[in-house]
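Reading through the structure tokens given below for one structure.
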Amino acid sequence: MLYPARKAALSEVQPLLPRMTLGALRTGRIEAPPRTLVHGVEGVGKTTFGANSPAPIFLGAEDGTGHLDVTRFPQPETWGHVREAIATLTKDQHKYLTLVIDTVDWVEPLLWQHICERDKKADIEAYGFGKGYTAAVQEWRVLVADLERLRAARQMGIILLAHSHIKSFKNPQGEDFDRYELKINQKAGGLLKEWVDTVLFANFEMYAARDGRTSRVRGVSTGARLAYTQRTAAYDAKNRSNLPESIALDYPEYAAAMKDDLPEGVDGLIAEVVRKATELGGDIEVKAMQSLLAAGRDISNITRLNNRLNARLSEKAAEVTA
């Protein structure tokens, strides 16, 4: 039997209005603050990239901003401090437009410490094979939810910085090879890469040159700092926009490239496809031009064609240096 107060409350409940109706449909691009993950080698300029974003505030377990004139939270000592900082930005009025977490691989041990203390485990391996990292992913999901609330409430962009390390890739289609990957647990890295809109791999521009006297191949750096936007066999990267294959590792350059991601920018992409097809030549050029003609001005199809040509160019470069 229900108490009278409970019966009265139930009588006041209004029926839920249908949400998934044709009248609720939306079309066009949805403008929202960017979610960006930047990983790369040490000293390449990841922190400076974040410092040049719009009105940034840094949250970092790594003391990597000491040489920069930026606003920063106190260095977090616990996972609770990390979440507390995000909650503060969400509920308080402020002038900041971008949250930069520098770096996620230095924050990760705080998460491990948190769940081990919560679950009374000696360390992350004490859960059993792989189980500790699975438990950690659930807490990463909580953090992602925190960041989404901040993004919605304050219209803030999110930049996650991370170090890279070289790991062997188990290739199901052939021989294994080494590649740059995020320097955090693979499960956590997969979640963060899925969540963000853009993954940039930051590195110094390098190329292989053969010594004419010794015939040995050596790496040569131009000193340029680049952000690569498309995944290759050598590194993780992605973008949900029509970004160039590489841009200068500089936030204003990145923002300009994002603004160029408009349907009218299709002409530049077509020019890139033509250039790459011509460079590859032969049957590949013929087939690429046929595909381009069939694509018309559909930027999605042209982008897929561009990505296929990128893969062909990577294969060609590997054959030259082999």
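Chain labels A, B, ... are given in the sequence in which chains occur in the structure tokens; within each chain residues are numbered consecutively from 1, and ligands are likewise numbered from 1 in the order shown.
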
Self-check item: Contacts of segment 91-105 of chain A within 6 Å, only C-alpha atoms, excl. fewer than 2 positions in-chain, as a count of residues only
Solution: 19

Quiz item: Residues at most 7 Å from segment 194-200 of chain A, counting only C-alpha atoms, excluding those fewer than 6 positions away in the same chain, as a PyMOL selection string?
Solution: chain A and resi 34-39+227-229+237-240

Quiz item: For Glu42 of chain A, which of A:Arg151, A:Lys121, A:Arg225, A:Arg179 is the closest residue, counting only C-alpha atoms?
Solution: A:Arg225

Who sits within 12 Å of Trp106 of chain A, only C-alpha atoms, same chain under 6 positions skipped, as an mmCIF file with N, CA and C atoms, in the first residue's frame:
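Contents of out-v3.cif, as written:
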data_model
loop_
_atom_site.group_PDB
_atom_site.id
_atom_site.type_symbol
_atom_site.label_atom_id
_atom_site.label_comp_id
_atom_site.auth_asym_id
_atom_site.auth_seq_id
_atom_site.Cartn_x
_atom_site.Cartn_y
_atom_site.Cartn_z
ATOM 1 N N LEU A 59 46.244 21.667 -16.239
ATOM 2 C CA LEU A 59 46.110 20.725 -15.142
ATOM 3 C C LEU A 59 47.135 19.643 -15.396
ATOM 4 N N GLY A 60 48.167 19.561 -14.565
ATOM 5 C CA GLY A 60 49.228 18.628 -14.890
ATOM 6 C C GLY A 60 49.892 18.008 -13.698
ATOM 7 N N ALA A 61 50.129 16.699 -13.829
ATOM 8 C CA ALA A 61 50.919 16.007 -12.827
ATOM 9 C C ALA A 61 52.396 16.117 -13.173
ATOM 10 N N GLU A 62 52.693 16.567 -14.378
ATOM 11 C CA GLU A 62 54.077 16.736 -14.809
ATOM 12 C C GLU A 62 54.419 18.221 -14.782
ATOM 13 N N ASP A 63 55.559 18.564 -14.201
ATOM 14 C CA ASP A 63 55.970 19.958 -14.119
ATOM 15 C C ASP A 63 56.644 20.359 -15.429
ATOM 16 N N GLY A 64 55.819 20.459 -16.493
ATOM 17 C CA GLY A 64 56.376 20.769 -17.801
ATOM 18 C C GLY A 64 56.059 22.162 -18.291
ATOM 19 N N GLN A 75 49.830 21.307 -8.722
ATOM 20 C CA GLN A 75 50.085 19.957 -9.217
ATOM 21 C C GLN A 75 49.250 18.944 -8.431
ATOM 22 N N PRO A 76 48.389 18.183 -9.088
ATOM 23 C CA PRO A 76 47.543 17.216 -8.370
ATOM 24 C C PRO A 76 48.372 16.095 -7.773
ATOM 25 N N GLU A 77 48.018 15.718 -6.573
ATOM 26 C CA GLU A 77 48.710 14.623 -5.890
ATOM 27 C C GLU A 77 47.867 13.362 -5.822
ATOM 28 N N THR A 78 46.579 13.499 -6.135
ATOM 29 C CA THR A 78 45.680 12.343 -6.112
ATOM 30 C C THR A 78 44.739 12.428 -7.309
ATOM 31 N N TRP A 79 44.088 11.309 -7.607
ATOM 32 C CA TRP A 79 43.072 11.277 -8.657
ATOM 33 C C TRP A 79 41.912 12.198 -8.302
ATOM 34 N N VAL A 82 42.506 15.667 -9.476
ATOM 35 C CA VAL A 82 42.270 15.837 -10.919
ATOM 36 C C VAL A 82 40.791 16.108 -11.173
ATOM 37 N N TRP A 112 45.676 4.775 -10.944
ATOM 38 C CA TRP A 112 45.987 3.433 -10.434
ATOM 39 C C TRP A 112 46.042 3.439 -8.908
ATOM 40 N N LEU A 160 44.321 17.020 -24.528
ATOM 41 C CA LEU A 160 45.025 16.005 -23.757
ATOM 42 C C LEU A 160 46.412 15.832 -24.365
ATOM 43 N N LEU A 161 47.447 16.025 -23.566
ATOM 44 C CA LEU A 161 48.820 15.833 -24.036
ATOM 45 C C LEU A 161 49.341 14.500 -23.507
ATOM 46 N N ALA A 162 50.197 13.859 -24.287
ATOM 47 C CA ALA A 162 50.736 12.551 -23.888
ATOM 48 C C ALA A 162 52.098 12.346 -24.532
ATOM 49 N N HIS A 163 52.924 11.573 -23.857
ATOM 50 C CA HIS A 163 54.183 11.141 -24.461
ATOM 51 C C HIS A 163 53.924 9.927 -25.352
ATOM 52 N N LEU A 182 50.720 5.713 -27.764
ATOM 53 C CA LEU A 182 50.569 6.462 -26.526
ATOM 54 C C LEU A 182 51.266 5.730 -25.381
ATOM 55 N N LYS A 183 51.915 6.508 -24.515
ATOM 56 C CA LYS A 183 52.647 5.909 -23.404
ATOM 57 C C LYS A 183 51.728 5.706 -22.202
ATOM 58 N N ILE A 184 50.573 5.133 -22.443
ATOM 59 C CA ILE A 184 49.664 4.730 -21.369
ATOM 60 C C ILE A 184 49.145 3.343 -21.712
ATOM 61 N N ASN A 185 48.447 2.735 -20.760
ATOM 62 C CA ASN A 185 47.925 1.398 -21.017
ATOM 63 C C ASN A 185 47.083 1.397 -22.291
#

Self-check item: Residues flagged strand (DSSP E) by DSSP in segment 48-253 of chain A, as a ChimeraX atom specification
Solution: /A:56-59,71-72,98-102,157-169,177-182,198-210,217-228,238-239,246-248

Quiz prompt | Shortest interatomic distance to Ala145 of chain A - which of A:Asn307, A:Ser314, A:Thr90, A:Thr21, counting only C-alpha atoms | solution = A:Thr90
